[in-house]
$ cat structure23.pdb   # PDB, C-alpha atoms
MODEL        1
ATOM      1  CA  MET I  17     -63.329  15.977 -49.350
ATOM      2  CA  ALA I  18     -62.079  13.925 -52.305
ATOM      3  CA  THR I  19     -60.428  15.637 -55.240
ATOM      4  CA  VAL I  20     -62.838  16.085 -58.162
ATOM      5  CA  THR I  21     -61.209  15.147 -61.448
ATOM      6  CA  HIS I  22     -64.089  15.179 -63.926
ATOM      7  CA  ILE I  23     -66.908  17.613 -64.605
ATOM      8  CA  ASP I  24     -69.553  14.899 -64.088
ATOM      9  CA  GLU I  25     -68.153  14.214 -60.606
ATOM     10  CA  ALA I  26     -68.306  17.935 -59.844
ATOM     11  CA  LEU I  27     -71.957  18.100 -60.900
ATOM     12  CA  VAL I  28     -72.883  15.074 -58.768
ATOM     13  CA  GLN I  29     -71.044  16.657 -55.840
ATOM     14  CA  VAL I  30     -72.959  19.946 -56.200
ATOM     15  CA  LEU I  31     -76.309  18.148 -56.258
ATOM     16  CA  ALA I  32     -75.482  15.603 -53.537
ATOM     17  CA  SER I  33     -74.240  18.299 -51.149
ATOM     18  CA  ASP I  34     -77.450  20.347 -51.433
ATOM     19  CA  ALA I  35     -79.640  19.803 -48.347
ATOM     20  CA  GLU I  36     -82.938  20.277 -50.201
ATOM     21  CA  ILE I  37     -82.032  17.765 -52.930
ATOM     22  CA  ALA I  38     -80.730  15.300 -50.338
ATOM     23  CA  MET I  39     -84.009  15.566 -48.430
ATOM     24  CA  GLN I  40     -86.086  14.889 -51.543
ATOM     25  CA  ALA I  41     -83.996  12.496 -53.661
ATOM     26  CA  GLY I  42     -81.425  11.208 -51.185
ATOM     27  CA  SER I  43     -78.483   9.810 -53.120
ATOM     28  CA  ARG I  44     -80.590   8.977 -56.190
ATOM     29  CA  ILE I  45     -78.526  11.090 -58.612
ATOM     30  CA  TYR I  46     -77.476   9.167 -61.705
ATOM     31  CA  GLN I  47     -75.502   9.773 -64.869
ATOM     32  CA  VAL I  48     -77.179   8.845 -68.181
ATOM     33  CA  GLN I  49     -79.715   6.315 -66.821
ATOM     34  CA  ALA I  50     -81.175   5.312 -63.467
ATOM     35  CA  PRO I  51     -80.871   1.634 -62.566
ATOM     36  CA  GLN I  52     -84.002  -0.441 -63.110
ATOM     37  CA  GLY I  53     -86.279  -0.324 -60.077
ATOM     38  CA  THR I  54     -84.934   3.006 -58.771
ATOM     39  CA  ALA I  55     -87.229   4.638 -56.209
ATOM     40  CA  PHE I  56     -88.724   8.054 -56.933
ATOM     41  CA  PRO I  57     -87.987  10.898 -56.937
ATOM     42  CA  CYS I  58     -84.587  10.867 -58.590
ATOM     43  CA  VAL I  59     -82.323  12.999 -60.791
ATOM     44  CA  VAL I  60     -80.726  11.696 -63.987
ATOM     45  CA  PHE I  61     -78.344  13.816 -66.045
ATOM     46  CA  GLN I  62     -76.375  13.535 -69.249
ATOM     47  CA  ARG I  63     -74.231  15.715 -71.473
ATOM     48  CA  ASP I  64     -75.997  16.727 -74.682
ATOM     49  CA  THR I  65     -73.390  18.821 -76.452
ATOM     50  CA  GLN I  66     -69.870  20.060 -75.862
ATOM     51  CA  LEU I  67     -68.073  22.914 -77.555
ATOM     52  CA  LYS I  68     -65.251  21.132 -79.391
ATOM     53  CA  ASP I  69     -62.752  23.986 -79.500
ATOM     54  CA  PRO I  70     -61.579  25.632 -76.275
ATOM     55  CA  PHE I  71     -62.337  29.298 -75.762
ATOM     56  CA  THR I  72     -59.796  31.577 -77.407
ATOM     57  CA  HIS I  73     -58.849  34.995 -76.091
ATOM     58  CA  LEU I  74     -56.116  37.569 -76.790
ATOM     59  CA  LEU I  75     -53.480  35.377 -75.166
ATOM     60  CA  GLY I  76     -54.414  32.330 -77.280
ATOM     61  CA  PRO I  77     -56.473  29.221 -76.615
ATOM     62  CA  GLY I  78     -57.853  28.901 -73.121
ATOM     63  CA  ASP I  79     -58.621  25.846 -71.053
ATOM     64  CA  LEU I  80     -62.374  26.457 -70.669
ATOM     65  CA  ILE I  81     -64.907  24.022 -72.086
ATOM     66  CA  ARG I  82     -68.639  24.678 -72.484
ATOM     67  CA  ALA I  83     -71.118  21.801 -72.436
ATOM     68  CA  THR I  84     -74.893  21.576 -72.292
ATOM     69  CA  TYR I  85     -76.392  19.039 -69.895
ATOM     70  CA  THR I  86     -79.951  17.845 -69.372
ATOM     71  CA  PHE I  87     -80.938  17.236 -65.751
ATOM     72  CA  SER I  88     -84.167  15.218 -65.502
ATOM     73  CA  CYS I  89     -86.152  15.338 -62.274
ATOM     74  CA  ILE I  90     -88.366  12.235 -62.247
ATOM     75  CA  SER I  91     -91.179  11.010 -59.988
ATOM     76  CA  ASP I  92     -94.616   9.434 -60.026
ATOM     77  CA  ASN I  93     -95.906  12.527 -58.191
ATOM     78  CA  LEU I  94     -96.200  15.871 -59.995
ATOM     79  CA  LEU I  95     -95.695  17.943 -56.838
ATOM     80  CA  ALA I  96     -92.520  15.977 -56.013
ATOM     81  CA  VAL I  97     -91.178  16.703 -59.503
ATOM     82  CA  ARG I  98     -91.963  20.412 -59.151
ATOM     83  CA  ASN I  99     -90.230  20.615 -55.751
ATOM     84  CA  LEU I 100     -87.181  18.632 -56.882
ATOM     85  CA  THR I 101     -86.892  20.729 -60.052
ATOM     86  CA  ARG I 102     -86.952  23.921 -57.994
ATOM     87  CA  ALA I 103     -84.192  22.535 -55.731
ATOM     88  CA  VAL I 104     -81.995  21.434 -58.668
ATOM     89  CA  LYS I 105     -82.416  24.837 -60.340
ATOM     90  CA  ALA I 106     -81.420  26.617 -57.135
ATOM     91  CA  ALA I 107     -78.391  24.352 -56.637
ATOM     92  CA  LEU I 108     -77.075  24.807 -60.186
ATOM     93  CA  GLN I 109     -78.043  28.346 -61.219
ATOM     94  CA  TYR I 110     -74.915  30.537 -61.412
ATOM     95  CA  ARG I 111     -72.947  27.862 -59.535
ATOM     96  CA  ARG I 112     -69.168  28.200 -59.335
ATOM     97  CA  THR I 113     -66.816  25.631 -57.812
ATOM     98  CA  GLY I 114     -63.155  24.734 -58.242
ATOM     99  CA  LEU I 115     -63.860  22.975 -61.546
ATOM    100  CA  ILE I 116     -67.142  24.609 -62.597
ATOM    101  CA  ARG I 117     -66.571  28.159 -63.763
ATOM    102  CA  LEU I 118     -70.264  28.857 -64.321
ATOM    103  CA  ALA I 119     -73.503  26.859 -64.590
ATOM    104  CA  VAL I 120     -76.576  28.527 -66.053
ATOM    105  CA  VAL I 121     -80.046  26.978 -66.262
ATOM    106  CA  ARG I 122     -81.324  27.889 -69.730
ATOM    107  CA  ASN I 123     -84.808  26.350 -69.770
ATOM    108  CA  ASP I 124     -87.033  23.572 -68.521
ATOM    109  CA  ASP I 125     -89.542  21.301 -70.183
ATOM    110  CA  ASP I 126     -92.270  19.153 -68.606
ATOM    111  CA  GLN I 127     -92.824  15.577 -69.817
ATOM    112  CA  ILE I 128     -95.222  12.790 -68.911
ATOM    113  CA  GLU I 129     -94.582   9.131 -69.661
ATOM    114  CA  PRO I 130     -96.486   5.905 -69.131
ATOM    115  CA  SER I 131     -95.348   3.950 -66.111
ATOM    116  CA  PRO I 132     -92.518   1.530 -66.975
ATOM    117  CA  SER I 133     -94.264  -1.215 -64.999
ATOM    118  CA  GLY I 134     -97.433  -0.933 -67.103
ATOM    119  CA  GLU I 135     -99.505   0.528 -64.274
ATOM    120  CA  GLN I 136    -102.016   3.289 -64.859
ATOM    121  CA  LEU I 137     -99.987   5.859 -62.917
ATOM    122  CA  PRO I 138     -97.858   8.100 -65.130
ATOM    123  CA  VAL I 139     -94.265   9.103 -64.520
ATOM    124  CA  TYR I 140     -93.660  12.861 -64.454
ATOM    125  CA  ARG I 141     -90.395  14.399 -65.588
ATOM    126  CA  THR I 142     -89.035  17.906 -65.909
ATOM    127  CA  ASP I 143     -85.922  18.334 -68.042
ATOM    128  CA  LEU I 144     -83.616  21.241 -67.207
ATOM    129  CA  SER I 145     -81.170  22.388 -69.858
ATOM    130  CA  VAL I 146     -78.017  23.637 -68.129
ATOM    131  CA  GLU I 147     -75.013  25.213 -69.810
ATOM    132  CA  VAL I 148     -71.844  24.444 -67.861
ATOM    133  CA  THR I 149     -68.516  26.212 -68.442
ATOM    134  CA  TYR I 150     -65.619  24.458 -66.781
ATOM    135  CA  ASN I 151     -61.862  24.017 -66.674
ATOM    136  CA  GLU I 152     -60.665  20.804 -68.198
ATOM    137  CA  PRO I 153     -58.510  19.066 -65.566
TER     138      PRO I 153
ENDMDL
END
$ encode --input "structure23.pdb" --output "structure tokens"
Amino acid sequence: MATVTHIDEALVQVLASDAEIAMQAGSRIYQVQAPQGTAFPCVVFQRDTQLKDPFTHLLGPGDLIRATYTFSCISDNLLAVRNLTRAVKAALQYRRTGLIRLAVVRNDDDQIEPSPSGEQLPVYRTDLSVEVTYNEP
């Protein structure tokens, strides 16, 4: 397994290695924006906020960073979005890896958008807000 050097790589690795997510979304896990024409369902994530100062404890500043990410589960089928959201929650909730100290799903929010191709079918999306505490490499 390749060495993970960035928190975004670690998050992709957690999602891509989950059997349930792989079954539903395959390798369609993207940072910031999915490429035009991406098949559904897919997962798109981005960092929303990051704590600027490292955690401080009795021994001085630590090397932990806390960031909030939004993971969007997207499909043209509501049931597919619900199932993918459940799988992403299960994969991330209380997750710990070599780089990730703790991931906690804080909330989720359902969205509906018009189809980007102008068709009548809507695009369903559930946004998960996930707080990730990690060691800066």
$ residues_around --input "structure23.pdb" --residues "Thr86 of chain I" --least-positions-apart "2" --cutoff "6 Å" --atoms "all atoms listed in the file" --output "PyMOL selection string"
chain I and resi 61-62+144-145
$ atom_distance --input "structure23.pdb" --atom1 "atom CA of Thr142 of chain I" --atom2 "atom CA of Ile23 of chain I"
22.2 Å
$ closest_residue --input "structure23.pdb" --among "I:Ile45, I:Ile128, I:Ile81, I:Ala50" --to "Gln29 of chain I" --atoms "only C-alpha atoms"
I:Ile45
$ closest_residue --input "structure23.pdb" --among "I:Leu94, I:Val28, I:Ala103, I:Val148" --to "Arg63 of chain I" --atoms "all atoms listed in the file"
I:Val148
$ atom_distance --input "structure23.pdb" --atom1 "atom CA of Arg44 of chain I" --atom2 "atom CA of Tyr110 of chain I"
22.9 Å
$ atom_distance --input "structure23.pdb" --atom1 "atom CA of Tyr150 of chain I" --atom2 "atom CA of Leu118 of chain I"
6.9 Å
$ resolve_selection --input "structure23.pdb" --expression "the PyMOL selection byres ((chain I and resi 151) around 9)" --output "list in words"
Ile23, Asp79, Leu80, Ile81, Arg82, Gly114, Leu115, Ile116, Arg117, Thr149, Tyr150, Glu152 and Pro153 of chain I
$ write_last_selection --input "structure23.pdb" --atoms "C-alpha atoms" --output "short mmCIF file (atom, residue, chain, number, x, y, z; two decimals), keeping the file's coordinate frame"
data_model
loop_
_atom_site.label_atom_id
_atom_site.label_comp_id
_atom_site.auth_asym_id
_atom_site.auth_seq_id
_atom_site.Cartn_x
_atom_site.Cartn_y
_atom_site.Cartn_z
CA ILE I 23 -66.91 17.61 -64.60
CA ASP I 79 -58.62 25.85 -71.05
CA LEU I 80 -62.37 26.46 -70.67
CA ILE I 81 -64.91 24.02 -72.09
CA ARG I 82 -68.64 24.68 -72.48
CA GLY I 114 -63.16 24.73 -58.24
CA LEU I 115 -63.86 22.98 -61.55
CA ILE I 116 -67.14 24.61 -62.60
CA ARG I 117 -66.57 28.16 -63.76
CA THR I 149 -68.52 26.21 -68.44
CA TYR I 150 -65.62 24.46 -66.78
CA GLU I 152 -60.66 20.80 -68.20
CA PRO I 153 -58.51 19.07 -65.57
#
$ closest_residue --input "structure23.pdb" --among "I:Val146, I:Ala96, I:Ile37, I:Ile90" --to "Thr65 of chain I" --atoms "all atoms listed in the file"
I:Val146
$ residues_around --input "structure23.pdb" --residues "Met39 of chain I" --least-positions-apart "2" --cutoff "12 Å" --atoms "all atoms listed in the file" --output "number ranges by chain"
I: 31-37, 41-44, 57-58, 96, 99-100, 103-104
$ write_last_selection --input "structure23.pdb" --atoms "C-alpha atoms" --output "compact mmCIF listing (two decimals), in the coordinates of the input"
# COMPACT_ATOMS: atom_id res chain seq x y z
CA LEU I 31 -76.31 18.15 -56.26
CA ALA I 32 -75.48 15.60 -53.54
CA SER I 33 -74.24 18.30 -51.15
CA ASP I 34 -77.45 20.35 -51.43
CA ALA I 35 -79.64 19.80 -48.35
CA GLU I 36 -82.94 20.28 -50.20
CA ILE I 37 -82.03 17.76 -52.93
CA ALA I 41 -84.00 12.50 -53.66
CA GLY I 42 -81.42 11.21 -51.18
CA SER I 43 -78.48 9.81 -53.12
CA ARG I 44 -80.59 8.98 -56.19
CA PRO I 57 -87.99 10.90 -56.94
CA CYS I 58 -84.59 10.87 -58.59
CA ALA I 96 -92.52 15.98 -56.01
CA ASN I 99 -90.23 20.62 -55.75
CA LEU I 100 -87.18 18.63 -56.88
CA ALA I 103 -84.19 22.54 -55.73
CA VAL I 104 -82.00 21.43 -58.67
$ resolve_selection --input "structure23.pdb" --expression "the PyMOL selection byres ((chain I and resi 92) around 10)" --output "PyMOL selection string"
chain I and resi 55-57+90-91+93-97+128-131+137-141
